[in-house]
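Source file: protein.pdb (PDB, C-alpha atoms)
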```pdb
ATOM      1  CA  MET A1080      38.299   9.557  62.916
ATOM      2  CA  ALA A1081      40.851   6.833  63.711
ATOM      3  CA  ALA A1082      39.752   6.841  67.361
ATOM      4  CA  ARG A1083      36.102   6.454  66.379
ATOM      5  CA  LEU A1084      37.006   3.573  64.048
ATOM      6  CA  LYS A1085      38.938   1.876  66.842
ATOM      7  CA  LEU A1086      36.003   2.294  69.240
ATOM      8  CA  ALA A1087      33.631   0.807  66.677
ATOM      9  CA  GLY A1088      36.006  -2.134  66.181
ATOM     10  CA  GLN A1089      36.217  -2.758  69.904
ATOM     11  CA  ALA A1090      32.447  -2.537  70.296
ATOM     12  CA  PHE A1091      32.007  -5.010  67.435
ATOM     13  CA  ALA A1092      34.511  -7.449  68.969
ATOM     14  CA  LEU A1093      32.821  -7.225  72.384
ATOM     15  CA  LEU A1094      29.390  -7.747  70.821
ATOM     16  CA  THR A1095      30.630 -10.809  68.924
ATOM     17  CA  ILE A1096      32.125 -12.351  72.064
ATOM     18  CA  ALA A1097      28.969 -11.597  74.066
ATOM     19  CA  SER A1098      26.705 -13.169  71.452
ATOM     20  CA  LEU A1099      28.912 -16.289  71.233
ATOM     21  CA  LEU A1100      28.826 -16.603  75.015
ATOM     22  CA  GLY A1101      25.047 -16.168  74.966
ATOM     23  CA  LEU A1102      24.763 -18.927  72.360
ATOM     24  CA  LEU A1103      26.913 -21.247  74.482
ATOM     25  CA  VAL A1104      24.838 -20.621  77.619
ATOM     26  CA  TRP A1105      21.592 -21.098  75.709
ATOM     27  CA  LYS A1106      22.825 -24.338  74.154
ATOM     28  CA  LEU A1107      23.971 -25.672  77.520
ATOM     29  CA  ALA A1108      20.745 -24.651  79.244
ATOM     30  CA  ALA A1109      18.538 -26.041  76.464
ATOM     31  CA  GLY A1110      20.696 -29.196  76.173
ATOM     32  CA  ASP A1111      18.619 -32.267  76.757
ATOM     33  CA  ALA A1112      15.425 -30.318  77.317
ATOM     34  CA  SER A1113      14.788 -29.404  73.675
ATOM     35  CA  GLY A1114      12.382 -31.012  71.212
ATOM     36  CA  VAL A1115       9.945 -33.824  71.813
ATOM     37  CA  ARG A1116      12.452 -35.668  73.962
ATOM     38  CA  GLY A1117      12.868 -32.743  76.331
ATOM     39  CA  ALA A1118       9.107 -32.245  76.646
ATOM     40  CA  VAL A1119       8.492 -35.911  77.477
ATOM     41  CA  LEU A1120      11.292 -35.879  80.052
ATOM     42  CA  ARG A1121       9.585 -32.855  81.681
ATOM     43  CA  GLY A1122       6.421 -34.911  81.984
ATOM     44  CA  ASP A1123       4.493 -33.330  79.079
ATOM     45  CA  ALA A1124       2.762 -35.253  76.328
ATOM     46  CA  PRO A1125       3.768 -33.327  73.183
ATOM     47  CA  PRO A1126       2.279 -34.159  69.771
ATOM     48  CA  ALA A1127       4.450 -36.663  67.924
ATOM     49  CA  PRO A1128       6.072 -34.934  64.916
ATOM     50  CA  ALA A1129       4.366 -36.294  61.813
ATOM     51  CA  PHE A1130       6.486 -38.014  59.185
ATOM     52  CA  THR A1131       6.209 -39.908  55.949
ATOM     53  CA  LEU A1132       9.140 -42.093  54.948
ATOM     54  CA  PRO A1133       9.832 -44.587  52.179
ATOM     55  CA  GLU A1134       9.149 -48.124  53.385
ATOM     56  CA  LEU A1135      12.491 -49.805  54.061
ATOM     57  CA  ARG A1136      11.606 -52.888  52.043
ATOM     58  CA  GLY A1137      10.743 -50.696  49.095
ATOM     59  CA  ASP A1138       6.963 -51.041  48.989
ATOM     60  CA  GLY A1139       5.515 -47.544  49.108
ATOM     61  CA  GLU A1140       5.620 -45.221  52.067
ATOM     62  CA  VAL A1141       4.857 -45.275  55.755
ATOM     63  CA  ALA A1142       3.216 -42.295  57.451
ATOM     64  CA  LEU A1143       2.780 -41.885  61.187
ATOM     65  CA  ASP A1144      -0.560 -40.133  60.597
ATOM     66  CA  SER A1145      -1.979 -43.213  58.880
ATOM     67  CA  PHE A1146      -1.981 -44.949  62.284
ATOM     68  CA  ARG A1147      -3.998 -42.233  64.039
ATOM     69  CA  GLY A1148      -6.454 -43.834  66.466
ATOM     70  CA  LYS A1149      -3.942 -46.559  67.281
ATOM     71  CA  VAL A1150      -1.121 -46.692  69.779
ATOM     72  CA  VAL A1151       2.175 -46.434  67.885
ATOM     73  CA  VAL A1152       5.516 -47.605  69.217
ATOM     74  CA  VAL A1153       8.016 -45.558  67.185
ATOM     75  CA  ASN A1154      11.353 -47.346  67.446
ATOM     76  CA  PHE A1155      14.487 -45.662  66.049
ATOM     77  CA  TRP A1156      17.181 -48.173  65.121
ATOM     78  CA  ALA A1157      20.129 -48.817  62.839
ATOM     79  CA  SER A1158      21.671 -52.083  61.691
ATOM     80  CA  TRP A1159      25.117 -51.111  63.030
ATOM     81  CA  CYS A1160      23.738 -50.529  66.526
ATOM     82  CA  ALA A1161      24.423 -53.571  68.707
ATOM     83  CA  PRO A1162      21.648 -53.039  71.321
ATOM     84  CA  CYS A1163      19.165 -52.703  68.436
ATOM     85  CA  ARG A1164      19.870 -56.329  67.603
ATOM     86  CA  ASP A1165      18.949 -57.362  71.142
ATOM     87  CA  GLU A1166      15.617 -55.571  71.181
ATOM     88  CA  ALA A1167      14.448 -56.409  67.641
ATOM     89  CA  PRO A1168      13.034 -59.850  68.589
ATOM     90  CA  LEU A1169      11.290 -58.308  71.619
ATOM     91  CA  LEU A1170       9.620 -55.665  69.433
ATOM     92  CA  GLU A1171       8.504 -58.291  66.922
ATOM     93  CA  ALA A1172       7.021 -60.355  69.757
ATOM     94  CA  ALA A1173       5.249 -57.291  71.205
ATOM     95  CA  TRP A1174       3.833 -56.395  67.786
ATOM     96  CA  ARG A1175       2.461 -59.904  67.288
ATOM     97  CA  GLU A1176       1.032 -59.944  70.794
ATOM     98  CA  HIS A1177      -0.645 -56.522  70.807
ATOM     99  CA  ARG A1178      -1.559 -55.808  67.162
ATOM    100  CA  ASP A1179      -5.132 -56.968  67.699
ATOM    101  CA  ARG A1180      -5.535 -54.410  70.490
ATOM    102  CA  GLY A1181      -4.815 -51.484  68.178
ATOM    103  CA  VAL A1182      -1.062 -51.291  68.837
ATOM    104  CA  VAL A1183       1.378 -50.767  65.964
ATOM    105  CA  VAL A1184       5.155 -51.031  66.084
ATOM    106  CA  LEU A1185       6.692 -48.614  63.569
ATOM    107  CA  GLY A1186      10.438 -48.924  63.058
ATOM    108  CA  VAL A1187      12.531 -46.041  61.738
ATOM    109  CA  ASP A1188      15.854 -47.171  60.315
ATOM    110  CA  ALA A1189      17.972 -44.026  60.644
ATOM    111  CA  ARG A1190      21.520 -43.149  59.553
ATOM    112  CA  ASP A1191      21.929 -46.552  58.000
ATOM    113  CA  LEU A1192      22.689 -48.082  54.616
ATOM    114  CA  VAL A1193      19.507 -49.304  52.905
ATOM    115  CA  ALA A1194      20.968 -52.720  52.118
ATOM    116  CA  ASP A1195      22.130 -53.161  55.724
ATOM    117  CA  GLY A1196      18.698 -52.144  57.036
ATOM    118  CA  ARG A1197      16.958 -54.625  54.746
ATOM    119  CA  ALA A1198      19.354 -57.403  55.759
ATOM    120  CA  PHE A1199      18.597 -56.616  59.420
ATOM    121  CA  VAL A1200      14.837 -56.863  58.855
ATOM    122  CA  ARG A1201      15.314 -60.200  57.038
ATOM    123  CA  GLU A1202      17.670 -61.555  59.685
ATOM    124  CA  PHE A1203      15.221 -60.949  62.522
ATOM    125  CA  GLY A1204      12.111 -61.833  60.526
ATOM    126  CA  ILE A1205      10.571 -58.428  61.280
ATOM    127  CA  THR A1206       7.016 -58.092  60.019
ATOM    128  CA  TYR A1207       6.064 -54.649  61.402
ATOM    129  CA  PRO A1208       6.422 -51.630  59.086
ATOM    130  CA  ASN A1209       9.728 -49.764  58.921
ATOM    131  CA  GLY A1210      10.511 -46.371  57.398
ATOM    132  CA  TYR A1211      13.940 -45.526  56.016
ATOM    133  CA  ASP A1212      15.478 -42.271  57.327
ATOM    134  CA  GLY A1213      19.078 -42.433  56.087
ATOM    135  CA  PRO A1214      19.870 -38.722  56.558
ATOM    136  CA  GLY A1215      18.364 -38.836  60.075
ATOM    137  CA  ARG A1216      15.895 -35.945  59.536
ATOM    138  CA  ILE A1217      13.117 -37.572  61.532
ATOM    139  CA  SER A1218      15.399 -38.763  64.325
ATOM    140  CA  ASP A1219      16.695 -35.177  64.577
ATOM    141  CA  ALA A1220      13.131 -33.824  64.719
ATOM    142  CA  TYR A1221      12.450 -36.102  67.683
ATOM    143  CA  GLY A1222      15.651 -34.972  69.398
ATOM    144  CA  LEU A1223      17.254 -38.401  69.407
ATOM    145  CA  THR A1224      20.383 -38.678  71.535
ATOM    146  CA  GLY A1225      21.424 -42.187  70.543
ATOM    147  CA  PHE A1226      20.340 -45.563  69.224
ATOM    148  CA  PRO A1227      18.056 -47.220  69.970
ATOM    149  CA  GLU A1228      15.378 -44.867  71.238
ATOM    150  CA  THR A1229      11.647 -45.598  71.400
ATOM    151  CA  TYR A1230       8.694 -43.211  71.597
ATOM    152  CA  PHE A1231       5.262 -44.421  72.692
ATOM    153  CA  VAL A1232       2.475 -42.478  70.956
ATOM    154  CA  ASP A1233      -1.094 -42.638  72.254
ATOM    155  CA  ARG A1234      -4.299 -42.807  70.168
ATOM    156  CA  GLU A1235      -4.467 -38.997  69.947
ATOM    157  CA  GLY A1236      -0.961 -38.789  68.522
ATOM    158  CA  ARG A1237       0.784 -37.582  71.685
ATOM    159  CA  VAL A1238       4.105 -38.931  72.925
ATOM    160  CA  VAL A1239       3.403 -40.176  76.429
ATOM    161  CA  HIS A1240       6.552 -42.174  77.166
ATOM    162  CA  LEU A1241      10.037 -42.753  75.858
ATOM    163  CA  VAL A1242      12.826 -45.219  76.448
ATOM    164  CA  SER A1243      16.426 -44.308  75.638
ATOM    165  CA  GLY A1244      18.581 -47.337  75.022
ATOM    166  CA  PRO A1245      17.573 -50.962  74.567
ATOM    167  CA  LEU A1246      14.057 -52.072  75.428
ATOM    168  CA  THR A1247      13.188 -54.955  77.674
ATOM    169  CA  GLU A1248       9.965 -56.941  77.723
ATOM    170  CA  GLU A1249       8.962 -54.972  80.828
ATOM    171  CA  SER A1250       9.735 -51.534  79.407
ATOM    172  CA  ILE A1251       7.799 -52.295  76.210
ATOM    173  CA  ALA A1252       4.820 -53.455  78.265
ATOM    174  CA  GLU A1253       5.007 -50.349  80.468
ATOM    175  CA  GLY A1254       5.150 -48.001  77.470
ATOM    176  CA  ILE A1255       2.228 -49.693  75.750
ATOM    177  CA  ARG A1256       0.200 -49.636  78.969
ATOM    178  CA  LYS A1257       0.784 -45.889  79.344
ATOM    179  CA  ALA A1258      -0.083 -45.210  75.717
ATOM    180  CA  LEU A1259      -3.272 -47.264  75.891
ATOM    181  CA  GLY A1260      -4.238 -45.052  78.856
TER     182      GLY A1260
ATOM    183  CA  MET B 442      58.809 -23.979  25.335
ATOM    184  CA  ARG B 443      57.220 -22.622  28.482
ATOM    185  CA  LEU B 444      53.778 -23.539  27.176
ATOM    186  CA  LEU B 445      54.973 -27.075  26.514
ATOM    187  CA  LEU B 446      56.304 -27.363  30.065
ATOM    188  CA  ALA B 447      53.007 -26.117  31.486
ATOM    189  CA  LEU B 448      51.138 -28.628  29.334
ATOM    190  CA  VAL B 449      53.353 -31.499  30.507
ATOM    191  CA  ALA B 450      52.923 -30.429  34.141
ATOM    192  CA  ALA B 451      49.141 -30.208  33.741
ATOM    193  CA  LEU B 452      48.997 -33.658  32.157
ATOM    194  CA  ALA B 453      51.225 -35.117  34.871
ATOM    195  CA  LEU B 454      48.836 -33.753  37.501
ATOM    196  CA  ALA B 455      45.706 -34.687  35.588
ATOM    197  CA  ALA B 456      46.656 -38.331  35.081
ATOM    198  CA  PRO B 457      46.442 -39.310  38.792
ATOM    199  CA  ALA B 458      43.230 -37.288  39.120
ATOM    200  CA  PHE B 459      41.616 -39.280  36.314
ATOM    201  CA  ALA B 460      42.943 -42.515  37.766
ATOM    202  CA  SER B 461      41.537 -41.698  41.225
ATOM    203  CA  GLU B 462      38.142 -40.836  39.695
ATOM    204  CA  ALA B 463      37.958 -44.053  37.666
ATOM    205  CA  ARG B 464      39.700 -46.352  40.163
ATOM    206  CA  PRO B 465      39.343 -44.806  43.621
ATOM    207  CA  THR B 466      41.016 -46.334  46.646
ATOM    208  CA  LEU B 467      39.346 -46.868  50.009
ATOM    209  CA  ALA B 468      41.972 -44.637  51.672
ATOM    210  CA  GLU B 469      41.175 -41.566  49.566
ATOM    211  CA  LEU B 470      37.410 -42.012  49.860
ATOM    212  CA  GLU B 471      37.778 -42.363  53.627
ATOM    213  CA  LYS B 472      39.254 -38.866  53.695
ATOM    214  CA  GLU B 473      36.450 -37.387  51.603
ATOM    215  CA  LEU B 474      33.480 -38.926  53.431
ATOM    216  CA  VAL B 475      32.059 -38.377  56.890
ATOM    217  CA  CYS B 476      30.540 -40.893  59.267
ATOM    218  CA  PRO B 477      27.148 -39.179  59.977
ATOM    219  CA  THR B 478      26.816 -40.224  63.619
ATOM    220  CA  CYS B 479      30.365 -39.386  64.711
ATOM    221  CA  LYS B 480      30.753 -36.318  62.423
ATOM    222  CA  THR B 481      34.387 -37.109  61.592
ATOM    223  CA  THR B 482      35.885 -38.367  58.352
ATOM    224  CA  LEU B 483      35.868 -42.125  57.953
ATOM    225  CA  ASP B 484      39.652 -42.389  58.285
ATOM    226  CA  MET B 485      39.345 -40.835  61.763
ATOM    227  CA  SER B 486      36.566 -43.120  62.967
ATOM    228  CA  ASP B 487      36.334 -46.756  63.981
ATOM    229  CA  SER B 488      32.666 -46.587  64.961
ATOM    230  CA  PRO B 489      30.396 -49.435  63.845
ATOM    231  CA  GLN B 490      28.697 -47.115  61.353
ATOM    232  CA  ALA B 491      32.052 -46.123  59.823
ATOM    233  CA  ASP B 492      32.915 -49.840  59.537
ATOM    234  CA  ARG B 493      29.692 -50.486  57.631
ATOM    235  CA  MET B 494      30.370 -47.545  55.320
ATOM    236  CA  ARG B 495      33.898 -48.837  54.653
ATOM    237  CA  ALA B 496      32.464 -52.250  53.820
ATOM    238  CA  PHE B 497      30.030 -50.600  51.409
ATOM    239  CA  ILE B 498      32.817 -48.578  49.738
ATOM    240  CA  ARG B 499      35.037 -51.670  49.374
ATOM    241  CA  GLN B 500      32.160 -53.530  47.786
ATOM    242  CA  ARG B 501      31.443 -50.676  45.336
ATOM    243  CA  ILE B 502      35.136 -50.323  44.426
ATOM    244  CA  ALA B 503      35.223 -54.075  43.738
ATOM    245  CA  ALA B 504      32.141 -53.668  41.541
ATOM    246  CA  GLY B 505      34.064 -51.083  39.488
ATOM    247  CA  ASP B 506      32.163 -47.914  40.477
ATOM    248  CA  SER B 507      33.873 -44.548  39.997
ATOM    249  CA  LYS B 508      34.584 -42.191  42.875
ATOM    250  CA  SER B 509      31.698 -39.866  42.081
ATOM    251  CA  GLU B 510      29.318 -42.815  41.662
ATOM    252  CA  ILE B 511      30.221 -44.134  45.107
ATOM    253  CA  LYS B 512      29.822 -40.679  46.641
ATOM    254  CA  ALA B 513      26.467 -40.209  44.916
ATOM    255  CA  GLN B 514      25.219 -43.528  46.293
ATOM    256  CA  LEU B 515      26.178 -42.513  49.810
ATOM    257  CA  VAL B 516      24.660 -39.033  49.406
ATOM    258  CA  ALA B 517      21.427 -40.670  48.214
ATOM    259  CA  GLN B 518      21.284 -42.653  51.448
ATOM    260  CA  PHE B 519      22.675 -40.287  54.067
ATOM    261  CA  GLY B 520      22.218 -36.859  52.489
ATOM    262  CA  GLU B 521      24.922 -34.345  51.610
ATOM    263  CA  GLY B 522      26.186 -34.261  55.193
ATOM    264  CA  VAL B 523      28.149 -37.391  54.288
ATOM    265  CA  LEU B 524      30.554 -35.355  52.122
ATOM    266  CA  ALA B 525      33.586 -34.005  53.969
ATOM    267  CA  SER B 526      33.723 -30.905  51.766
ATOM    268  CA  PRO B 527      30.440 -29.142  51.015
ATOM    269  CA  PRO B 528      29.191 -29.062  47.409
ATOM    270  CA  LYS B 529      30.038 -25.901  45.441
ATOM    271  CA  ARG B 530      26.491 -24.668  44.918
ATOM    272  CA  GLY B 531      23.557 -23.059  46.708
ATOM    273  CA  PHE B 532      23.989 -22.159  50.356
ATOM    274  CA  ASP B 533      27.000 -24.495  50.712
ATOM    275  CA  LEU B 534      28.877 -22.299  48.241
ATOM    276  CA  LEU B 535      29.266 -19.854  51.138
ATOM    277  CA  ALA B 536      31.679 -22.280  52.820
ATOM    278  CA  TRP B 537      33.969 -21.904  49.797
ATOM    279  CA  VAL B 538      33.445 -18.205  49.155
ATOM    280  CA  LEU B 539      33.553 -16.827  52.703
ATOM    281  CA  PRO B 540      37.166 -17.822  53.538
ATOM    282  CA  LEU B 541      38.346 -16.294  50.250
ATOM    283  CA  ALA B 542      36.283 -13.163  50.897
ATOM    284  CA  GLY B 543      37.764 -12.974  54.404
ATOM    285  CA  LEU B 544      41.259 -13.335  52.977
ATOM    286  CA  ALA B 545      40.569 -10.587  50.419
ATOM    287  CA  ALA B 546      39.095  -8.298  53.125
ATOM    288  CA  GLY B 547      42.160  -8.929  55.318
ATOM    289  CA  ALA B 548      44.529  -8.163  52.455
ATOM    290  CA  ALA B 549      42.585  -4.978  51.679
ATOM    291  CA  ALA B 550      42.736  -3.911  55.349
ATOM    292  CA  VAL B 551      46.498  -4.549  55.533
ATOM    293  CA  GLY B 552      46.954  -2.654  52.264
ATOM    294  CA  ALA B 553      44.902   0.300  53.527
ATOM    295  CA  VAL B 554      46.837   0.481  56.802
ATOM    296  CA  ALA B 555      50.182   0.192  54.993
ATOM    297  CA  TRP B 556      49.117   2.967  52.603
ATOM    298  CA  ARG B 557      48.151   5.236  55.501
ATOM    299  CA  TRP B 558      51.435   4.603  57.280
ATOM    300  CA  SER B 559      53.509   5.284  54.203
ATOM    301  CA  ARG B 560      51.484   8.447  53.540
ATOM    302  CA  GLY B 561      52.118   9.581  57.147
ATOM    303  CA  ARG B 562      55.832   9.071  56.671
ATOM    304  CA  ALA B 563      55.763  11.001  53.382
ATOM    305  CA  ALA B 564      54.034  13.890  55.196
ATOM    306  CA  GLY B 565      56.802  13.764  57.845
ATOM    307  CA  ALA B 566      59.429  13.842  55.109
ATOM    308  CA  ALA B 567      57.630  16.800  53.507
ATOM    309  CA  GLY B 568      58.128  18.676  56.798
ATOM    310  CA  ALA B 569      61.903  18.136  56.632
ATOM    311  CA  PRO B 570      62.745  20.761  53.941
ATOM    312  CA  VAL B 571      61.674  23.513  56.363
ATOM    313  CA  ALA B 572      64.448  22.501  58.744
ATOM    314  CA  ALA B 573      66.782  22.006  55.808
ATOM    315  CA  GLY B 574      65.911  25.525  54.626
ATOM    316  CA  ALA B 575      66.641  26.881  58.080
ATOM    317  CA  ALA B 576      70.003  25.117  58.063
ATOM    318  CA  ALA B 577      70.758  26.654  54.676
ATOM    319  CA  THR B 578      70.305  30.153  56.098
ATOM    320  CA  GLY B 579      72.648  29.194  58.910
ATOM    321  CA  ARG B 580      69.982  29.844  61.536
ATOM    322  CA  LEU B 581      67.883  27.266  63.283
ATOM    323  CA  ASP B 582      64.410  28.195  64.325
ATOM    324  CA  VAL B 583      65.212  28.198  68.064
ATOM    325  CA  ASP B 584      64.666  30.380  71.062
ATOM    326  CA  PRO B 585      66.710  33.661  70.519
ATOM    327  CA  GLU B 586      68.151  33.370  74.030
ATOM    328  CA  LEU B 587      69.316  29.825  73.333
ATOM    329  CA  ALA B 588      70.762  30.918  69.975
ATOM    330  CA  ARG B 589      72.679  33.692  71.676
ATOM    331  CA  ARG B 590      74.164  31.309  74.256
ATOM    332  CA  LEU B 591      75.054  28.800  71.565
ATOM    333  CA  ASP B 592      76.856  31.534  69.598
ATOM    334  CA  GLU B 593      78.777  32.525  72.730
ATOM    335  CA  GLU B 594      79.869  28.954  73.420
ATOM    336  CA  LEU B 595      80.947  28.399  69.845
ATOM    337  CA  ALA B 596      82.833  31.707  69.848
ATOM    338  CA  ARG B 597      84.674  30.549  72.972
ATOM    339  CA  PHE B 598      85.754  27.346  71.158
ATOM    340  CA  ASP B 599      86.768  29.242  68.075
ATOM    341  CA  GLY B 600      88.800  31.542  70.214
TER     342      GLY B 600
END
```

Would you give me this structure, written as structure tokens?
Amino acid sequence: MAARLKLAGQAFALLTIASLLGLLVWKLAAGDASGVRGAVLRGDAPPAPAFTLPELRGDGEVALDSFRGKVVVVNFWASWCAPCRDEAPLLEAAWREHRDRGVVVLGVDARDLVADGRAFVREFGITYPNGYDGPGRISDAYGLTGFPETYFVDREGRVVHLVSGPLTEESIAEGIRKALG
Amino acid sequence: MRLLLALVAALALAAPAFASEARPTLAELEKELVCPTCKTTLDMSDSPQADRMRAFIRQRIAAGDSKSEIKAQLVAQFGEGVLASPPKRGFDLLAWVLPLAGLAAGAAAVGAVAWRWSRGRAAGAAGAPVAAGAAATGRLDVDPELARRLDEELARFDG
């Protein structure tokens, strides 16, 4: 009886260790290749996860789906992120330049304080829509690895390009070109 | 008398608790809140996000908000992940219950093992009277040949 109990205990311990090891290997193997981010990096064009967020400035909501048929530049940012400050004027300029061609810049202020986000938008005179994602649910759904990160969504709602880190005039133009097709 | 002492002790402990709820300090809130991007408590982080959260807390303390009001405002913005200790309800209750359950299971296991050991020893002790009985009759339950030789040796000494 005691021997059988001991055997069961040992089997349980071994099983636990094996499953933890399996989890570790899976996590390491999946790593960067999971979610939308992983698919884009593999060269796929996955559908952009839909989202509806409260508008940062407090007027209603913004929904990604409401821009279907347009190219959407989904830019994840936060007011405390220094490179986000550098790219904000570039995004505003791109939005003003391309809006008539059916291109929308949609900011997502993630893991940020509302007041800080609003101050940021005021400071840079941002006129494109911004959603507020304080808990970071949407940025997690996209598989964000850091701030800023920008996803270029084509007219059919597929992510065709992404830029991790700060944008430049050239990288914005390249992303928009790809998304316009 | 003992009741009075307990009451005094409880009041002595309760007073700082009330004070910290009504007039929290930045230092204690830093220990109870997490910076969502770095996943450590604010007092362990000097990331830009933690700095902004500290600024927010300082501002709310200055405005006279209570500890739970400040926490609620941060939860409203960042979600419950901002709290260092999970709330005591729903699924998060497991984080509070499981360690206690584990402790209870461990204590029960130790108790069971100790009980079995002590029972084993009692069974061993129960076996002893047989030998004691044998000693009382003056004969040990041994090989007759060995007993005979032992008697011979002893007889030689006696002689």

Give the answer as one residue: which of B:Ala548, B:Leu474, B:Ala517, B:Ala463 has the shortest atom-to-atom distance to chain A, using all atoms listed in the file?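 Looking at the shortest contact to chain A, the residue is B:Ala517.
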
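Put simply, the ChimeraX specification (/B :<8) & /A in this file takes in Trp1159, Cys1160, Arg1190, Asp1191, Leu1192, Val1193, Gly1213, Pro1214 and Gly1215 of chain A.
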
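In this model, the gap between atom CA of A:Asp1144 and atom CA of A:Pro1208 comes to 13.5 Å.
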
Atom CA of A:Thr1224 to atom CA of A:Ser1243: how many Å, to one decimal?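 Value for the atom CA of A:Thr1224-atom CA of A:Ser1243 distance: 8.0 Å.
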
To one decimal in Å, tell me the separation between atom CA of A:Gly1204 and atom CA of A:Leu1170. 11.1 Å

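Proximity ranking of B:Ala546, B:Leu483, B:Ile511, B:Val554 relative to B:Ala525 places B:Leu483 first, based on all atoms listed in the file.
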
Can you tell me which residues surround A:Gly1148 at a distance of at most 9 Å, considering only C-alpha atoms, apart from same-chain residues fewer than 3 positions away, and format the answer as an NGL selection string? :A and (1145 or 1181 or 1233-1236)

Starting from the shown file, work through the PyMOL selection byres ((chain A and resi 1125) around 9) and note down what comes out as a ChimeraX atom specification. /A:1115,1118-1119,1123-1124,1126-1128,1236-1239

Starting from the shown file, work through the PyMOL selection byres ((chain A and resi 1140) around 12) and note down what comes out as a list in words. Phe1130, Thr1131, Leu1132, Pro1133, Glu1134, Leu1135, Arg1136, Gly1137, Asp1138, Gly1139, Val1141, Ala1142, Leu1143, Asp1144, Ser1145, Val1187, Pro1208, Asn1209, Gly1210, Tyr1211 and Asp1212 of chain A

Write out the residues from the selection above, keeping C-alpha atoms, as a compact mmCIF listing (two decimals), in the frame of the given file.
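Okay, this is what ended up in again16.txt:
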```
# COMPACT_ATOMS: atom_id res chain seq x y z
CA PHE A 1130 6.49 -38.01 59.18
CA THR A 1131 6.21 -39.91 55.95
CA LEU A 1132 9.14 -42.09 54.95
CA PRO A 1133 9.83 -44.59 52.18
CA GLU A 1134 9.15 -48.12 53.38
CA LEU A 1135 12.49 -49.80 54.06
CA ARG A 1136 11.61 -52.89 52.04
CA GLY A 1137 10.74 -50.70 49.10
CA ASP A 1138 6.96 -51.04 48.99
CA GLY A 1139 5.52 -47.54 49.11
CA VAL A 1141 4.86 -45.28 55.76
CA ALA A 1142 3.22 -42.30 57.45
CA LEU A 1143 2.78 -41.88 61.19
CA ASP A 1144 -0.56 -40.13 60.60
CA SER A 1145 -1.98 -43.21 58.88
CA VAL A 1187 12.53 -46.04 61.74
CA PRO A 1208 6.42 -51.63 59.09
CA ASN A 1209 9.73 -49.76 58.92
CA GLY A 1210 10.51 -46.37 57.40
CA TYR A 1211 13.94 -45.53 56.02
CA ASP A 1212 15.48 -42.27 57.33
```

Counting all atoms listed in the file, what is within 10 Å of B:Ala460, bar same-chain residues fewer than 5 positions away, as a PDB file with C-alpha atoms, in the coordinates of the input?
```pdb
ATOM      1  CA  ALA B 455      45.706 -34.687  35.588  1.00  0.00           C
ATOM      2  CA  PRO B 465      39.343 -44.806  43.621  1.00  0.00           C
ATOM      3  CA  THR B 466      41.016 -46.334  46.646  1.00  0.00           C
ATOM      4  CA  SER B 507      33.873 -44.548  39.997  1.00  0.00           C
ATOM      5  CA  LYS B 508      34.584 -42.191  42.875  1.00  0.00           C
TER       6      LYS B 508
END
```

As a PDB file, in the frame of the given file, could you write out stretch 1099-1109 of chain A once it has been completed with N, CA and C atoms?
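Output file result_39.pdb follows:
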```
ATOM      1  N   LEU A1099      28.427 -14.898  71.226  1.00  0.00           N
ATOM      2  CA  LEU A1099      28.912 -16.289  71.233  1.00  0.00           C
ATOM      3  C   LEU A1099      28.723 -16.914  72.613  1.00  0.00           C
ATOM      4  N   LEU A1100      29.021 -16.128  73.643  1.00  0.00           N
ATOM      5  CA  LEU A1100      28.826 -16.603  75.015  1.00  0.00           C
ATOM      6  C   LEU A1100      27.354 -16.910  75.270  1.00  0.00           C
ATOM      7  N   GLY A1101      26.490 -15.993  74.809  1.00  0.00           N
ATOM      8  CA  GLY A1101      25.047 -16.168  74.966  1.00  0.00           C
ATOM      9  C   GLY A1101      24.588 -17.462  74.316  1.00  0.00           C
ATOM     10  N   LEU A1102      25.115 -17.718  73.113  1.00  0.00           N
ATOM     11  CA  LEU A1102      24.763 -18.927  72.360  1.00  0.00           C
ATOM     12  C   LEU A1102      25.181 -20.175  73.135  1.00  0.00           C
ATOM     13  N   LEU A1103      26.372 -20.110  73.710  1.00  0.00           N
ATOM     14  CA  LEU A1103      26.913 -21.247  74.482  1.00  0.00           C
ATOM     15  C   LEU A1103      26.023 -21.542  75.686  1.00  0.00           C
ATOM     16  N   VAL A1104      25.676 -20.465  76.418  1.00  0.00           N
ATOM     17  CA  VAL A1104      24.838 -20.621  77.619  1.00  0.00           C
ATOM     18  C   VAL A1104      23.481 -21.189  77.238  1.00  0.00           C
ATOM     19  N   TRP A1105      22.907 -20.635  76.155  1.00  0.00           N
ATOM     20  CA  TRP A1105      21.592 -21.098  75.709  1.00  0.00           C
ATOM     21  C   TRP A1105      21.630 -22.574  75.345  1.00  0.00           C
ATOM     22  N   LYS A1106      22.689 -22.956  74.620  1.00  0.00           N
ATOM     23  CA  LYS A1106      22.825 -24.338  74.154  1.00  0.00           C
ATOM     24  C   LYS A1106      22.974 -25.279  75.355  1.00  0.00           C
ATOM     25  N   LEU A1107      23.765 -24.846  76.338  1.00  0.00           N
ATOM     26  CA  LEU A1107      23.971 -25.672  77.520  1.00  0.00           C
ATOM     27  C   LEU A1107      22.690 -25.792  78.330  1.00  0.00           C
ATOM     28  N   ALA A1108      21.978 -24.660  78.449  1.00  0.00           N
ATOM     29  CA  ALA A1108      20.745 -24.651  79.244  1.00  0.00           C
ATOM     30  C   ALA A1108      19.665 -25.476  78.551  1.00  0.00           C
ATOM     31  N   ALA A1109      19.567 -25.317  77.213  1.00  0.00           N
ATOM     32  CA  ALA A1109      18.538 -26.041  76.464  1.00  0.00           C
ATOM     33  C   ALA A1109      18.876 -27.539  76.495  1.00  0.00           C
TER      34      ALA A1109
END
```
